[in-house]
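Have a look at the structure below before the remarks.
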Amino acid sequence: AWGFDAIPNPIKAMVGKPTAGARRERPLADDEWETVLVELQNLHPTTQAFICFTRWSAVRRGEASKLRWEHVKGWGTPDVVARLVDTKTPKLGEVNGRTIPLHPEAVAAIASILDDPDKPPRTGWVFPSPKDPQKPLPGGTAYQAWDRARARAGLPPNERGEIPTIHDLRHTRL
């Protein structure tokens with residue numbers, strides 16, 4: 001009734017249509033992780049724990065930096081979970097967040113920076129800034145520390161020339 005069937009679809013006539021490119025992904029092999037882990041030893045303990053946590057929890061850097069003790073449940077049990085807030089991928093009609101179970105190595109990363117691993121704080125940042133504990137560890141600090149450790153470890157690029165980034169630790173765990 002509106003006559004839209006007479007309007008040609010420009011996509012159908014297109015030559016060389018765009019395709020979905022290969023997704024960027026450069027997970028680490030176990031031996032590569034061990035090599036970088038050696039290079040992380042000289043970092044501030046909070047920065048080192050943050051990087052290890054992102055590797056074993058598969059969370060994004062921003063999600064880890066926003067993690068507060070109020071969102072960690074089950075500490076001291078085998079079933080520790082973390083509620084991630086303000087995440088990148090929201091579900092329609094829900095607050096942007098999700099709860100994830102933590103791998104024992106992710107829990108160990110957090111425990112490594114506690115004065116008493118049996119009595120974690122009830123409030124505050126899980127990964128506080130070394131300069132100001134009232135603020136979270138800046139994401140740039142972790143990014144730069146990762147990049148330097150990766151470079152010192154001499155990790156090669158993959159077949160597409162991609163070097164592993166801190167975000168690739170998420171894909172390594174997944």
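Chains: A, B, ... in order of the structure tokens. Residues: from 1 per chain. Ligands: from 1, in order shown.
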Contacts of Trp69 (chain A) within 9 Å, only C-alpha atoms, excl. fewer than 6 positions in-chain, as a compact mmCIF listing (two decimals) with N, CA, C and O atoms, in the first residue's frame:
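The result, stored in part.txt:
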```
# COMPACT_ATOMS: atom_id res chain seq x y z
N ALA A 82 32.09 -13.30 43.25
CA ALA A 82 32.24 -11.86 43.19
C ALA A 82 31.12 -11.29 42.35
O ALA A 82 30.80 -11.80 41.28
N PRO A 120 39.46 -11.02 55.84
CA PRO A 120 39.51 -9.92 54.86
C PRO A 120 38.67 -8.74 55.32
O PRO A 120 37.79 -8.90 56.18
N PRO A 121 38.92 -7.57 54.76
CA PRO A 121 38.09 -6.41 55.12
C PRO A 121 36.63 -6.64 54.72
O PRO A 121 36.34 -7.46 53.85
N ARG A 122 35.75 -5.92 55.35
CA ARG A 122 34.32 -6.02 55.01
C ARG A 122 33.92 -4.99 53.97
O ARG A 122 32.94 -5.15 53.27
N THR A 123 34.69 -3.92 53.90
CA THR A 123 34.38 -2.84 52.96
C THR A 123 35.68 -2.37 52.30
O THR A 123 36.77 -2.71 52.73
N GLY A 124 35.52 -1.57 51.27
CA GLY A 124 36.66 -0.99 50.59
C GLY A 124 37.00 -1.71 49.30
O GLY A 124 36.36 -2.70 48.91
N TRP A 125 38.01 -1.19 48.63
CA TRP A 125 38.45 -1.75 47.36
C TRP A 125 39.22 -3.04 47.57
O TRP A 125 40.06 -3.12 48.46
N VAL A 126 38.95 -4.04 46.76
CA VAL A 126 39.72 -5.28 46.82
C VAL A 126 41.15 -5.00 46.36
O VAL A 126 42.11 -5.49 46.95
```
Would you pick out the contacts of Ser129 (chain A) at 12 Å or less, using only C-alpha atoms, so that residues sharing its chain but fewer than 4 positions from it are not included, and give the list as an mmCIF file with N, CA and C atoms, in the first residue's frame?
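Final output, around19.cif:
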```
data_model
loop_
_atom_site.group_PDB
_atom_site.id
_atom_site.type_symbol
_atom_site.label_atom_id
_atom_site.label_comp_id
_atom_site.auth_asym_id
_atom_site.auth_seq_id
_atom_site.Cartn_x
_atom_site.Cartn_y
_atom_site.Cartn_z
ATOM 1 N N HIS A 44 54.600 -3.876 42.424
ATOM 2 C CA HIS A 44 53.922 -3.672 43.695
ATOM 3 C C HIS A 44 52.972 -4.857 43.894
ATOM 4 N N PRO A 45 52.872 -5.399 45.108
ATOM 5 C CA PRO A 45 52.032 -6.590 45.336
ATOM 6 C C PRO A 45 50.586 -6.431 44.868
ATOM 7 N N THR A 46 50.009 -5.247 45.011
ATOM 8 C CA THR A 46 48.624 -5.049 44.581
ATOM 9 C C THR A 46 48.512 -5.132 43.069
ATOM 10 N N THR A 47 49.463 -4.555 42.364
ATOM 11 C CA THR A 47 49.446 -4.595 40.899
ATOM 12 C C THR A 47 49.628 -6.029 40.419
ATOM 13 N N PHE A 50 46.449 -7.930 41.074
ATOM 14 C CA PHE A 50 45.423 -7.500 40.133
ATOM 15 C C PHE A 50 45.579 -8.229 38.801
ATOM 16 N N SER A 65 38.926 -3.522 38.624
ATOM 17 C CA SER A 65 39.271 -2.299 39.359
ATOM 18 C C SER A 65 38.093 -1.770 40.174
ATOM 19 N N LYS A 66 36.865 -2.116 39.814
ATOM 20 C CA LYS A 66 35.682 -1.662 40.548
ATOM 21 C C LYS A 66 35.255 -2.635 41.652
ATOM 22 N N GLY A 124 35.515 -1.571 51.268
ATOM 23 C CA GLY A 124 36.664 -0.990 50.587
ATOM 24 C C GLY A 124 37.002 -1.712 49.298
ATOM 25 N N TRP A 125 38.011 -1.194 48.634
ATOM 26 C CA TRP A 125 38.447 -1.752 47.356
ATOM 27 C C TRP A 125 39.219 -3.038 47.574
ATOM 28 N N PRO A 133 44.736 4.381 49.388
ATOM 29 C CA PRO A 133 43.853 3.220 49.591
ATOM 30 C C PRO A 133 42.361 3.524 49.501
ATOM 31 N N GLN A 134 42.014 4.814 49.502
ATOM 32 C CA GLN A 134 40.609 5.187 49.370
ATOM 33 C C GLN A 134 40.147 5.154 47.920
ATOM 34 N N LYS A 135 41.088 4.926 47.004
ATOM 35 C CA LYS A 135 40.784 4.864 45.579
ATOM 36 C C LYS A 135 41.169 3.487 45.047
ATOM 37 N N PRO A 136 40.532 3.059 43.945
ATOM 38 C CA PRO A 136 40.906 1.770 43.360
ATOM 39 C C PRO A 136 42.231 1.870 42.593
ATOM 40 N N LEU A 137 42.858 0.742 42.388
ATOM 41 C CA LEU A 137 44.067 0.690 41.572
ATOM 42 C C LEU A 137 43.720 1.207 40.178
ATOM 43 N N PRO A 138 44.432 2.218 39.688
ATOM 44 C CA PRO A 138 44.113 2.725 38.348
ATOM 45 C C PRO A 138 44.342 1.665 37.278
ATOM 46 N N GLY A 139 43.410 1.569 36.338
ATOM 47 C CA GLY A 139 43.542 0.592 35.260
ATOM 48 C C GLY A 139 44.799 0.793 34.443
ATOM 49 N N GLY A 140 45.208 2.046 34.281
ATOM 50 C CA GLY A 140 46.421 2.328 33.523
ATOM 51 C C GLY A 140 47.666 1.761 34.181
ATOM 52 N N THR A 141 47.667 1.710 35.501
ATOM 53 C CA THR A 141 48.799 1.143 36.230
ATOM 54 C C THR A 141 48.961 -0.328 35.864
ATOM 55 N N ALA A 142 47.859 -1.062 35.896
ATOM 56 C CA ALA A 142 47.909 -2.480 35.551
ATOM 57 C C ALA A 142 48.271 -2.678 34.089
#
```
Counting only C-alpha atoms, which residues in region 109-169 of chain A sit no more than 6 Å from region 28-40 of chain A? For each one, give the nearest pair of atoms and the distance in Å, sorted by chain then residue number, as JSON lines.
```
{"residue": "A:Ala149", "atom": "CA", "partner": "A:Glu39", "partner_atom": "CA", "distance": 5.1}
{"residue": "A:Arg150", "atom": "CA", "partner": "A:Val36", "partner_atom": "CA", "distance": 5.8}
{"residue": "A:Ala153", "atom": "CA", "partner": "A:Val36", "partner_atom": "CA", "distance": 5.5}
```
Closest of A:Arg60, A:Pro104, A:Thr99, A:Lys131 to Asp79 (chain A) - atom-to-atom distances counting only C-alpha atoms: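 Among the listed residues, the smallest separation from Asp79 (chain A) belongs to A:Pro104.
As for CA of Thr172 (chain A) and CA of Glu25 (chain A), they are spaced 9.2 Å apart.
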In region 44-162 of chain A, DSSP alpha helix (DSSP H) residues written as number ranges by chain: A: 45-57, 61-65, 104-111, 139-153
Env of Ile166 (chain A): 9 Å cut, atoms = only C-alpha atoms, seq-sep filter 6 positions within chain, self excluded. Answer as a PyMOL selection string. chain A and resi 51+54-55+60-61+142-143+146-147
Pull N, CA and C atoms from the residues just selected and write them as a compact mmCIF listing (two decimals), in the first residue's frame.
```
# COMPACT_ATOMS: atom_id res chain seq x y z
N ILE A 51 46.79 -8.28 38.27
CA ILE A 51 47.03 -8.95 36.99
C ILE A 51 46.75 -10.44 37.10
N THR A 54 42.98 -10.96 37.14
CA THR A 54 42.33 -10.85 35.84
C THR A 54 42.58 -12.09 34.99
N ARG A 55 43.73 -12.69 35.13
CA ARG A 55 44.05 -13.90 34.38
C ARG A 55 43.17 -15.07 34.82
N ARG A 60 37.13 -8.32 32.96
CA ARG A 60 37.76 -7.20 32.27
C ARG A 60 38.52 -6.35 33.29
N ARG A 61 39.50 -5.62 32.82
CA ARG A 61 40.32 -4.77 33.69
C ARG A 61 39.45 -3.81 34.48
N ALA A 142 47.86 -1.06 35.90
CA ALA A 142 47.91 -2.48 35.55
C ALA A 142 48.27 -2.68 34.09
N TYR A 143 47.70 -1.84 33.23
CA TYR A 143 47.98 -1.94 31.80
C TYR A 143 49.48 -1.76 31.52
N TRP A 146 51.57 -4.66 32.95
CA TRP A 146 51.45 -5.83 32.09
C TRP A 146 52.29 -5.68 30.83
N ASP A 147 52.16 -4.53 30.20
CA ASP A 147 52.87 -4.30 28.94
C ASP A 147 54.39 -4.42 29.12
```
Length of the CA of Pro157 (chain A) to CA of Ala49 (chain A) vector [Å]: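 Interatomic distance, CA of Pro157 (chain A) to CA of Ala49 (chain A): 24.8 Å.
Among the candidates A:Leu102, A:Ile11, A:Ala108, A:Val59, the residue lying nearest to Thr87 (chain A) is A:Val59 (atoms considered: only C-alpha atoms).
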Between CA of Leu114 (chain A) and CA of Pro130 (chain A), what is the spacing in Å?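 Computed distance, CA of Pro130 (chain A) to CA of Leu114 (chain A), equals 13.2 Å.
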Shortest interatomic distance to Asn42 (chain A) - which of A:Ala145, A:Ile163, A:Ala151, A:Val81, counting only C-alpha atoms: A:Ala145
